[in-house]
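Enquirer: Structure provided below as structure tokens; questions to follow.
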Amino acid sequence: MTIQRDLSKYDEQVLKDAERWTEIDGDLDGVDPSVAAAILTSRCETIRYDHPRTERWHDPEDVDVVADIPYLPDGGYDATVGQVRGHLLDIYLPHEAAVRMSNVTPVYVDIHGGGFCYGYKELNRNFNTHLAQQGFAVVSLNYRPAPQTDLKGQLADVQAALRWLKAHLADYPVDPNAVFITGDSAGGALALLTLAIENSGRAAEAFGIGQASGIGFKGGALVCGVYGLASPERAAGRGVAYGTERKNLESTLGSGFFVGLDAADPDFLTAPDIVANVDLPPLFLLTSADDFIQAETLALATALARKGADFELHDWKPARHDSLGHVFPVCMTWREESLRTLADIRRFSYDRC
């Protein structure tokens, strides 16, 4: 079945430009028409926000890039099957690390956001290069967006990329014992769930992961993440209005995106439950007062505080007549608040290497 694609109200050149960092409608044939239409609208409306910011995106001169490395065989181009864009990754290195060729540079694994259906690693390139400028090797992962796969499939993609990384860390001038993870928005959810999988055999089993990568994350920096993914009926009575974000996401992605999660719901799909059931590494949490899902980060911080865990909460308050909004350090790296956040991530992480 081919969906009716009405893109006439969107600027054709803007959509063409956006193909650099996201799928638009090339993966929607054969998808339930209502889901396909919702995903297409979500992607196009998000492009409207991201496109004007591209004028400020740039790579610092002192960062080296190794792009489009396949972490699964189908990530490499094959004339018969083509290429699965979701199975590629990039590596960003401070040039000094490449020159020094010593295994002392900490590593950040970055998982981009986009409501689980929008974006590829190129969406976060500007953030990744500026994070690398802070003295990190940054490994930026693709994963297959919905509707190409569901939540379990995305977590499986992340695990495949981590297994590749663990096998190849020695090929790069990095410290294999100082690996951190970061993610923003939906990527923040995937990063937190990945930490749960890496630190709990029960969580790994619940998400269908036979064996976690064992990469040994030293900590994480979670930016404006969505952490309450439990179903409303399973999360009932937990004292927080969980289920709202799940219903919002299902309205775009369809209920099929959350199939096969009964064993994880709710023990690994709400912030308090994850914290209660998993000993997480140190976490740097970031949100802002005008982040539309600020409450998600605050709930995670509250759970960590009650457990006595090692974390920092950075809850930015924008100045009067100003706005920071959602994932501001990722989409607006040039702002003073973003530059300070990057420096804070460096301090937090280097202190825990």
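We label chains A, B, ... in the order they appear in the structure tokens, count residues from 1 in each chain, and number ligands from 1 in the order shown.
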For Leu300 of chain A, please output as a list in words all residues within 10 Å (counting only C-alpha atoms; exclusion window: fewer than 6 positions along the same chain).
Expert: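 Everything that qualifies: Gly225, Val226, Tyr227, Gly228, Thr270, Ala271, Pro272, Asp273, Ile274, Val275, Leu285 and Leu313 of chain A.
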Enquirer: Could you list, as a PyMOL selection string, every residue within 8 Å of segment 342-349 of chain A, counting only C-alpha atoms and ignoring same-chain residues fewer than 2 positions away?
Expert: chain A and resi 130-131+134-135+180+219+221+284+329+338-340+351-353
Enquirer: Save out the residues we just selected, N, CA, C and O atoms, as a JSON list (two decimals), in the first residue's frame.
Expert:
[["chain", "number", "residue", "atom", "x", "y", "z"],
["A", 130, "HIS", "N", 31.42, 19.32, 18.76],
["A", 130, "HIS", "CA", 31.72, 20.22, 19.88],
["A", 130, "HIS", "C", 31.97, 19.45, 21.17],
["A", 130, "HIS", "O", 32.76, 19.90, 22.01],
["A", 131, "LEU", "N", 31.34, 18.29, 21.33],
["A", 131, "LEU", "CA", 31.66, 17.43, 22.47],
["A", 131, "LEU", "C", 33.07, 16.88, 22.31],
["A", 131, "LEU", "O", 33.84, 16.82, 23.29],
["A", 134, "GLN", "N", 35.80, 19.05, 23.46],
["A", 134, "GLN", "CA", 36.01, 19.09, 24.90],
["A", 134, "GLN", "C", 37.01, 18.04, 25.38],
["A", 134, "GLN", "O", 37.31, 17.97, 26.57],
["A", 135, "GLY", "N", 37.50, 17.20, 24.46],
["A", 135, "GLY", "CA", 38.49, 16.20, 24.85],
["A", 135, "GLY", "C", 37.95, 14.79, 24.93],
["A", 135, "GLY", "O", 38.42, 13.98, 25.73],
["A", 180, "PHE", "N", 31.60, 6.50, 28.19],
["A", 180, "PHE", "CA", 30.37, 7.08, 28.71],
["A", 180, "PHE", "C", 29.32, 7.04, 27.61],
["A", 180, "PHE", "O", 29.62, 6.79, 26.44],
["A", 219, "GLY", "N", 29.60, 6.13, 33.08],
["A", 219, "GLY", "CA", 28.58, 7.11, 33.42],
["A", 219, "GLY", "C", 27.83, 7.53, 32.17],
["A", 219, "GLY", "O", 28.03, 6.98, 31.08],
["A", 221, "ALA", "N", 25.46, 11.09, 30.27],
["A", 221, "ALA", "CA", 24.92, 12.45, 30.25],
["A", 221, "ALA", "C", 23.63, 12.40, 29.46],
["A", 221, "ALA", "O", 23.64, 12.19, 28.24],
["A", 284, "PHE", "N", 24.74, 12.54, 34.61],
["A", 284, "PHE", "CA", 24.61, 13.99, 34.43],
["A", 284, "PHE", "C", 23.26, 14.20, 33.75],
["A", 284, "PHE", "O", 23.05, 13.73, 32.63],
["A", 329, "PRO", "N", 21.38, 22.13, 24.18],
["A", 329, "PRO", "CA", 22.81, 22.00, 23.90],
["A", 329, "PRO", "C", 23.09, 21.22, 22.62],
["A", 329, "PRO", "O", 24.17, 21.35, 22.04],
["A", 338, "SER", "N", 24.76, 26.42, 26.30],
["A", 338, "SER", "CA", 25.21, 25.17, 25.72],
["A", 338, "SER", "C", 26.70, 24.98, 25.91],
["A", 338, "SER", "O", 27.17, 23.87, 26.23],
["A", 339, "LEU", "N", 27.47, 26.04, 25.72],
["A", 339, "LEU", "CA", 28.92, 25.96, 25.91],
["A", 339, "LEU", "C", 29.25, 25.62, 27.36],
["A", 339, "LEU", "O", 30.16, 24.81, 27.64],
["A", 340, "ARG", "N", 28.51, 26.20, 28.28],
["A", 340, "ARG", "CA", 28.73, 25.88, 29.70],
["A", 340, "ARG", "C", 28.34, 24.45, 30.00],
["A", 340, "ARG", "O", 28.99, 23.76, 30.79],
["A", 351, "ASP", "N", 36.10, 13.77, 36.01],
["A", 351, "ASP", "CA", 36.19, 13.48, 37.43],
["A", 351, "ASP", "C", 35.88, 12.02, 37.75],
["A", 351, "ASP", "O", 36.25, 11.52, 38.83],
["A", 352, "ARG", "N", 35.22, 11.32, 36.83],
["A", 352, "ARG", "CA", 34.78, 9.95, 37.09],
["A", 352, "ARG", "C", 35.46, 8.93, 36.19],
["A", 352, "ARG", "O", 35.09, 7.76, 36.21],
["A", 353, "CYS", "N", 36.45, 9.36, 35.44],
["A", 353, "CYS", "CA", 37.19, 8.41, 34.60],
["A", 353, "CYS", "C", 37.98, 7.43, 35.47],
["A", 353, "CYS", "O", 38.63, 7.85, 36.43]]
Enquirer: For segment 142-158 of chain A, list every protein, DNA or RNA residue within 6 Å, evaluated using only C-alpha atoms, and leave out those in the same chain fewer than 3 positions away; present the list as a list of chain:residue names.
Expert: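 The neighbour list is A:Gly86, A:His87, A:Leu88, A:Leu89, A:Phe116, A:Cys117, A:Tyr120, A:Lys121, A:Ala161, A:Phe257.
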Enquirer: Please produce a file of those selected residues containing C-alpha atoms, as a PDB file, in the first residue's frame.
Expert:
ATOM      1  CA  GLY A  86      20.413   2.722  10.389  1.00  0.00           C
ATOM      2  CA  HIS A  87      23.435   0.426  10.786  1.00  0.00           C
ATOM      3  CA  LEU A  88      26.166   3.020  10.359  1.00  0.00           C
ATOM      4  CA  LEU A  89      28.177   5.025  12.880  1.00  0.00           C
ATOM      5  CA  PHE A 116      12.019   7.398  17.822  1.00  0.00           C
ATOM      6  CA  CYS A 117      11.048   8.077  14.189  1.00  0.00           C
ATOM      7  CA  TYR A 120      19.975   9.855  11.860  1.00  0.00           C
ATOM      8  CA  LYS A 121      23.411  10.472  13.352  1.00  0.00           C
ATOM      9  CA  ALA A 161      26.872  -1.011  17.631  1.00  0.00           C
ATOM     10  CA  PHE A 257       6.130   0.230  18.483  1.00  0.00           C
TER      11      PHE A 257
END
Enquirer: Could you pull the residues within 7 Å of Ala212 of chain A, counting only C-alpha atoms, minus those fewer than 6 positions along the same chain, as a PDB file with C-alpha atoms, in the first residue's frame?
Expert:
ATOM      1  CA  GLN A 159      23.684  -3.302  21.307  1.00  0.00           C
ATOM      2  CA  ILE A 197      20.495  -3.546  29.913  1.00  0.00           C
ATOM      3  CA  GLU A 198      24.241  -3.250  30.513  1.00  0.00           C
ATOM      4  CA  ALA A 204      18.549  -7.388  29.191  1.00  0.00           C
TER       5      ALA A 204
END
Enquirer: I'd like the contact shell of Ala276 of chain A - 10 Å cut-off, only C-alpha atoms, skipping same-chain residues fewer than 5 positions apart - returned as an MDAnalysis selection string.
Expert: chainID A and resid 267:268 270:271 303:304 306:307
Enquirer: Please produce a file of those selected residues containing N, CA and C atoms, as an mmCIF file, in the first residue's frame.
Expert:
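Contents of the output file out_2.cif:
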data_model
loop_
_atom_site.group_PDB
_atom_site.id
_atom_site.type_symbol
_atom_site.label_atom_id
_atom_site.label_comp_id
_atom_site.auth_asym_id
_atom_site.auth_seq_id
_atom_site.Cartn_x
_atom_site.Cartn_y
_atom_site.Cartn_z
ATOM 1 N N ASP A 267 8.761 -2.448 35.163
ATOM 2 C CA ASP A 267 9.989 -2.492 35.965
ATOM 3 C C ASP A 267 11.173 -1.765 35.333
ATOM 4 N N PHE A 268 11.180 -1.656 33.997
ATOM 5 C CA PHE A 268 12.275 -0.974 33.326
ATOM 6 C C PHE A 268 11.764 0.107 32.372
ATOM 7 N N THR A 270 9.789 2.981 33.738
ATOM 8 C CA THR A 270 9.589 4.258 34.421
ATOM 9 C C THR A 270 10.893 4.597 35.124
ATOM 10 N N ALA A 271 11.145 5.881 35.315
ATOM 11 C CA ALA A 271 12.393 6.301 35.961
ATOM 12 C C ALA A 271 12.536 5.710 37.356
ATOM 13 N N ALA A 303 14.223 10.119 41.866
ATOM 14 C CA ALA A 303 14.457 8.703 42.159
ATOM 15 C C ALA A 303 15.919 8.447 42.511
ATOM 16 N N LEU A 304 16.828 9.070 41.785
ATOM 17 C CA LEU A 304 18.260 8.908 42.060
ATOM 18 C C LEU A 304 18.621 9.494 43.425
ATOM 19 N N ARG A 306 16.646 9.819 46.041
ATOM 20 C CA ARG A 306 16.115 8.951 47.090
ATOM 21 C C ARG A 306 16.977 7.709 47.289
ATOM 22 N N LYS A 307 17.616 7.249 46.218
ATOM 23 C CA LYS A 307 18.472 6.072 46.318
ATOM 24 C C LYS A 307 19.870 6.428 46.814
#
Enquirer: Counting only C-alpha atoms, which of A:Val66, A:Tyr49, A:Gly75, A:Asp175 gets nearest to Tyr350 of chain A?
Expert: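 Checking each candidate against Tyr350 of chain A, we get A:Asp175 as the closest.
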Enquirer: Quick one: residues within 12 Å of Ala132 of chain A, only C-alpha atoms, excluding same-chain residues fewer than 5 positions away - as number ranges by chain?
Expert: A: 59-65, 91-98, 105-110, 125-127, 137-140, 174, 342-343, 345-346
Enquirer: Check the DSSP output for the backbone and give back, as a CSV table (one decimal) with all heavy atoms, in the first residue's frame, the residues of segment 161-241 of chain A in alpha helix (DSSP H).
Expert:
chain,number,residue,atom,x,y,z
A,161,ALA,N,25.8,-2.0,17.8
A,161,ALA,CA,26.9,-1.0,17.6
A,161,ALA,C,27.9,-1.1,18.8
A,161,ALA,O,29.1,-0.9,18.6
A,161,ALA,CB,26.2,0.4,17.6
A,162,LEU,N,27.4,-1.3,20.0
A,162,LEU,CA,28.3,-1.4,21.2
A,162,LEU,C,29.2,-2.6,21.1
A,162,LEU,O,30.4,-2.6,21.4
A,162,LEU,CB,27.5,-1.4,22.4
A,162,LEU,CG,26.7,-0.2,22.8
A,162,LEU,CD1,25.9,-0.4,24.1
A,162,LEU,CD2,27.6,1.0,22.9
A,163,ARG,N,28.7,-3.7,20.5
A,163,ARG,CA,29.5,-4.9,20.4
A,163,ARG,C,30.6,-4.6,19.3
A,163,ARG,O,31.8,-5.0,19.5
A,163,ARG,CB,28.7,-6.1,19.9
A,163,ARG,CG,27.9,-6.7,21.1
A,163,ARG,CD,27.3,-8.0,20.7
A,163,ARG,NE,26.3,-7.9,19.7
A,163,ARG,CZ,25.0,-7.7,19.9
A,163,ARG,NH1,24.6,-7.6,21.2
A,163,ARG,NH2,24.1,-7.7,19.0
A,164,TRP,N,30.3,-3.9,18.3
A,164,TRP,CA,31.3,-3.5,17.3
A,164,TRP,C,32.3,-2.6,17.9
A,164,TRP,O,33.5,-2.8,17.8
A,164,TRP,CB,30.6,-2.8,16.1
A,164,TRP,CG,31.6,-2.4,15.1
A,164,TRP,CD1,31.9,-3.1,13.9
A,164,TRP,CD2,32.4,-1.2,15.1
A,164,TRP,NE1,32.9,-2.4,13.2
A,164,TRP,CE2,33.2,-1.2,13.9
A,164,TRP,CE3,32.6,-0.1,15.9
A,164,TRP,CZ2,34.2,-0.2,13.6
A,164,TRP,CZ3,33.5,0.9,15.6
A,164,TRP,CH2,34.3,0.8,14.4
A,165,LEU,N,31.8,-1.6,18.7
A,165,LEU,CA,32.8,-0.7,19.3
A,165,LEU,C,33.7,-1.4,20.3
A,165,LEU,O,34.9,-1.1,20.3
A,165,LEU,CB,32.0,0.4,20.1
A,165,LEU,CG,32.8,1.4,20.8
A,165,LEU,CD1,33.7,2.2,19.8
A,165,LEU,CD2,31.8,2.4,21.6
A,166,LYS,N,33.2,-2.3,21.1
A,166,LYS,CA,34.0,-3.0,22.1
A,166,LYS,C,35.1,-3.8,21.4
A,166,LYS,O,36.3,-3.8,21.8
A,166,LYS,CB,33.2,-3.9,22.9
A,166,LYS,CG,34.0,-4.6,24.1
A,166,LYS,CD,33.1,-5.5,24.9
A,166,LYS,CE,33.9,-6.1,26.1
A,166,LYS,NZ,33.1,-7.0,26.9
A,167,ALA,N,34.8,-4.3,20.2
A,167,ALA,CA,35.8,-5.1,19.4
A,167,ALA,C,36.8,-4.3,18.7
A,167,ALA,O,37.9,-4.7,18.4
A,167,ALA,CB,35.0,-6.0,18.4
A,168,HIS,N,36.5,-2.9,18.6
A,168,HIS,CA,37.4,-2.1,17.8
A,168,HIS,C,38.0,-0.9,18.6
A,168,HIS,O,38.7,-0.1,18.0
A,168,HIS,CB,36.6,-1.5,16.5
A,168,HIS,CG,36.3,-2.6,15.5
A,168,HIS,ND1,35.2,-3.4,15.6
A,168,HIS,CD2,37.0,-3.0,14.4
A,168,HIS,CE1,35.2,-4.2,14.6
A,168,HIS,NE2,36.2,-4.0,13.9
A,186,ALA,N,14.4,11.2,22.8
A,186,ALA,CA,14.2,9.8,22.6
A,186,ALA,C,15.6,9.0,22.7
A,186,ALA,O,15.6,7.9,23.2
A,186,ALA,CB,13.6,9.4,21.2
A,187,GLY,N,16.6,9.7,22.3
A,187,GLY,CA,18.0,9.1,22.5
A,187,GLY,C,18.3,9.0,23.9
A,187,GLY,O,19.1,8.1,24.4
A,188,GLY,N,17.8,9.9,24.8
A,188,GLY,CA,18.0,9.8,26.2
A,188,GLY,C,17.4,8.6,26.8
A,188,GLY,O,17.9,7.9,27.7
A,189,ALA,N,16.1,8.3,26.3
A,189,ALA,CA,15.5,7.1,26.7
A,189,ALA,C,16.3,5.9,26.3
A,189,ALA,O,16.5,4.9,27.1
A,189,ALA,CB,14.1,7.0,26.1
A,190,LEU,N,16.7,5.8,25.1
A,190,LEU,CA,17.5,4.7,24.6
A,190,LEU,C,18.8,4.5,25.4
A,190,LEU,O,19.3,3.4,25.7
A,190,LEU,CB,17.8,4.8,23.1
A,190,LEU,CG,16.6,4.7,22.2
A,190,LEU,CD1,16.9,5.0,20.7
A,190,LEU,CD2,16.0,3.3,22.2
A,191,ALA,N,19.4,5.7,25.7
A,191,ALA,CA,20.7,5.6,26.5
A,191,ALA,C,20.4,5.1,27.9
A,191,ALA,O,21.1,4.2,28.4
A,191,ALA,CB,21.3,7.0,26.6
A,192,LEU,N,19.3,5.5,28.6
A,192,LEU,CA,19.0,5.1,29.9
A,192,LEU,C,18.6,3.6,29.9
A,192,LEU,O,19.1,2.8,30.7
A,192,LEU,CB,17.9,5.9,30.5
A,192,LEU,CG,17.4,5.4,31.9
A,192,LEU,CD1,18.6,5.6,32.9
A,192,LEU,CD2,16.2,6.2,32.4
A,193,LEU,N,17.9,3.2,28.9
A,193,LEU,CA,17.5,1.7,28.8
A,193,LEU,C,18.7,0.9,28.5
A,193,LEU,O,18.8,-0.2,29.0
A,193,LEU,CB,16.4,1.6,27.7
A,193,LEU,CG,15.1,2.2,28.0
A,193,LEU,CD1,14.1,2.0,26.9
A,193,LEU,CD2,14.5,1.7,29.3
A,194,THR,N,19.7,1.4,27.7
A,194,THR,CA,20.9,0.7,27.4
A,194,THR,C,21.7,0.6,28.7
A,194,THR,O,22.3,-0.5,29.0
A,194,THR,CB,21.7,1.5,26.4
A,194,THR,OG1,21.0,1.4,25.1
A,194,THR,CG2,23.1,0.8,26.2
A,195,LEU,N,21.8,1.6,29.6
A,195,LEU,CA,22.4,1.4,30.8
A,195,LEU,C,21.8,0.4,31.7
A,195,LEU,O,22.4,-0.4,32.4
A,195,LEU,CB,22.5,2.8,31.6
A,195,LEU,CG,23.4,3.8,31.0
A,195,LEU,CD1,23.3,5.2,31.7
A,195,LEU,CD2,24.9,3.4,31.0
A,196,ALA,N,20.4,0.3,31.6
A,196,ALA,CA,19.7,-0.7,32.4
A,196,ALA,C,20.1,-2.1,31.9
A,196,ALA,O,20.4,-3.0,32.6
A,196,ALA,CB,18.2,-0.5,32.3
A,197,ILE,N,20.1,-2.3,30.5
A,197,ILE,CA,20.5,-3.5,29.9
A,197,ILE,C,21.9,-3.9,30.3
A,197,ILE,O,22.2,-5.1,30.6
A,197,ILE,CB,20.3,-3.4,28.4
A,197,ILE,CG1,18.8,-3.4,28.1
A,197,ILE,CG2,21.0,-4.6,27.7
A,197,ILE,CD1,18.5,-3.0,26.6
A,198,GLU,N,22.8,-3.0,30.2
A,198,GLU,CA,24.2,-3.2,30.5
A,198,GLU,C,24.5,-3.6,32.0
A,198,GLU,O,25.5,-4.3,32.3
A,198,GLU,CB,25.1,-2.0,30.1
A,198,GLU,CG,25.2,-1.8,28.6
A,198,GLU,CD,26.0,-2.8,27.9
A,198,GLU,OE1,26.9,-3.3,28.4
A,198,GLU,OE2,25.6,-3.0,26.7
A,199,ASN,N,23.6,-3.2,32.9
A,199,ASN,CA,23.9,-3.4,34.3
A,199,ASN,C,22.9,-4.3,35.0
A,199,ASN,O,22.9,-4.5,36.2
A,199,ASN,CB,23.9,-2.0,35.0
A,199,ASN,CG,25.1,-1.2,34.6
A,199,ASN,OD1,26.2,-1.4,35.2
A,199,ASN,ND2,24.9,-0.2,33.7
A,201,GLY,N,21.0,-8.2,34.2
A,201,GLY,CA,20.7,-9.3,33.3
A,201,GLY,C,19.2,-9.4,33.2
A,201,GLY,O,18.7,-9.8,32.1
A,202,ARG,N,18.4,-9.1,34.2
A,202,ARG,CA,17.0,-9.2,34.1
A,202,ARG,C,16.4,-8.1,33.1
A,202,ARG,O,15.5,-8.4,32.3
A,202,ARG,CB,16.3,-8.9,35.5
A,202,ARG,CG,14.9,-9.3,35.5
A,202,ARG,CD,14.4,-9.5,37.0
A,202,ARG,NE,14.3,-8.3,37.7
A,202,ARG,CZ,13.3,-7.4,37.7
A,202,ARG,NH1,12.2,-7.7,37.1
A,202,ARG,NH2,13.3,-6.3,38.5
A,203,ALA,N,17.0,-6.9,33.1
A,203,ALA,CA,16.6,-5.9,32.1
A,203,ALA,C,16.9,-6.4,30.7
A,203,ALA,O,16.1,-6.2,29.8
A,203,ALA,CB,17.3,-4.6,32.4
A,204,ALA,N,18.2,-6.9,30.5
A,204,ALA,CA,18.5,-7.4,29.2
A,204,ALA,C,17.6,-8.4,28.7
A,204,ALA,O,17.1,-8.4,27.5
A,204,ALA,CB,20.0,-8.0,29.3
A,205,GLU,N,17.2,-9.4,29.5
A,205,GLU,CA,16.3,-10.4,29.2
A,205,GLU,C,14.9,-9.8,28.8
A,205,GLU,O,14.2,-10.2,27.9
A,205,GLU,CB,16.1,-11.4,30.3
A,205,GLU,CG,15.2,-12.6,29.9
A,205,GLU,CD,15.1,-13.6,31.1
A,205,GLU,OE1,15.8,-13.4,32.1
A,205,GLU,OE2,14.4,-14.6,30.9
A,206,ALA,N,14.5,-8.8,29.6
A,206,ALA,CA,13.1,-8.2,29.4
A,206,ALA,C,13.1,-7.5,28.1
A,206,ALA,O,12.0,-7.5,27.5
A,206,ALA,CB,12.8,-7.3,30.5
A,232,PRO,N,-0.1,2.8,30.7
A,232,PRO,CA,-0.8,3.4,31.8
A,232,PRO,C,-1.3,2.4,32.8
A,232,PRO,O,-1.3,2.6,34.0
A,232,PRO,CB,-2.0,4.1,31.0
A,232,PRO,CG,-1.5,4.4,29.7
A,232,PRO,CD,-0.6,3.2,29.3
A,233,GLU,N,-1.8,1.2,32.3
A,233,GLU,CA,-2.4,0.2,33.2
A,233,GLU,C,-1.3,-0.4,34.1
A,233,GLU,O,-1.5,-0.7,35.2
A,233,GLU,CB,-3.1,-0.8,32.4
A,233,GLU,CG,-2.3,-1.6,31.3
A,233,GLU,CD,-2.3,-0.9,30.0
A,233,GLU,OE1,-2.6,0.3,29.9
A,233,GLU,OE2,-1.9,-1.6,29.0
A,234,ARG,N,-0.1,-0.6,33.5
A,234,ARG,CA,1.0,-1.2,34.3
A,234,ARG,C,1.6,-0.2,35.3
A,234,ARG,O,2.1,-0.6,36.3
A,234,ARG,CB,2.1,-1.7,33.4
A,234,ARG,CG,1.7,-2.9,32.5
A,234,ARG,CD,1.5,-4.2,33.3
A,234,ARG,NE,1.3,-5.3,32.5
A,234,ARG,CZ,2.2,-6.1,32.0
A,234,ARG,NH1,3.5,-5.9,32.3
A,234,ARG,NH2,1.9,-7.1,31.2
A,235,ALA,N,1.5,1.1,35.0
A,235,ALA,CA,2.2,2.1,35.8
A,235,ALA,C,1.2,2.7,36.8
A,235,ALA,O,1.6,3.5,37.7
A,235,ALA,CB,2.7,3.3,35.0
Enquirer: Quote the spacing between atom CA of Val84 of chain A and atom CA of Ser213 of chain A in Å to one decimal place.
Expert: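 About the pair atom CA of Val84 of chain A and atom CA of Ser213 of chain A: they are 21.4 Å apart.
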Enquirer: For the structure I just gave you, how does DSSP split segment 226-316 of chain A - specifically, which residues are strand (DSSP E or B)? Reply as a list in words.
Expert: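 Of segment 226-316 of chain A, the ones in strand (DSSP E or B) are Leu283, Phe284, Leu285, Leu286, Thr287, Ser288, Phe311, Glu312, Leu313, His314, Asp315 and Trp316 of chain A.
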Enquirer: Go through A:Thr302, A:Thr182, A:Ser200, A:Ser102 and flag the residue nearest Leu280 of chain A, using only C-alpha atoms for the distances.
Expert: A:Ser200
Enquirer: Just to confirm, what's the straight-line distance from atom CA of Arg335 of chain A to atom CA of His321 of chain A in Å (one decimal)?
Expert: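 Going from atom CA of Arg335 of chain A over to atom CA of His321 of chain A, I get 15.3 Å.
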Enquirer: When you count only C-alpha atoms, which of these residues is closest to Ala178 of chain A: A:Thr333, A:Phe136, A:Gly208, A:Ala160?
Expert: A:Phe136
Enquirer: What's the separation between atom CA of Gly216 of chain A and atom CA of Asn177 of chain A, in Å to one decimal place?
Expert: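 Taking atom CA of Gly216 of chain A as the start and atom CA of Asn177 of chain A as the end point, the length is 7.3 Å.
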Enquirer: With distances taken over only C-alpha atoms, which of A:Val179, A:Arg100, A:Asp17, A:Tyr242 is nearest to Ala295 of chain A?
Expert: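 Closest to Ala295 of chain A, using only C-alpha atoms: A:Tyr242.
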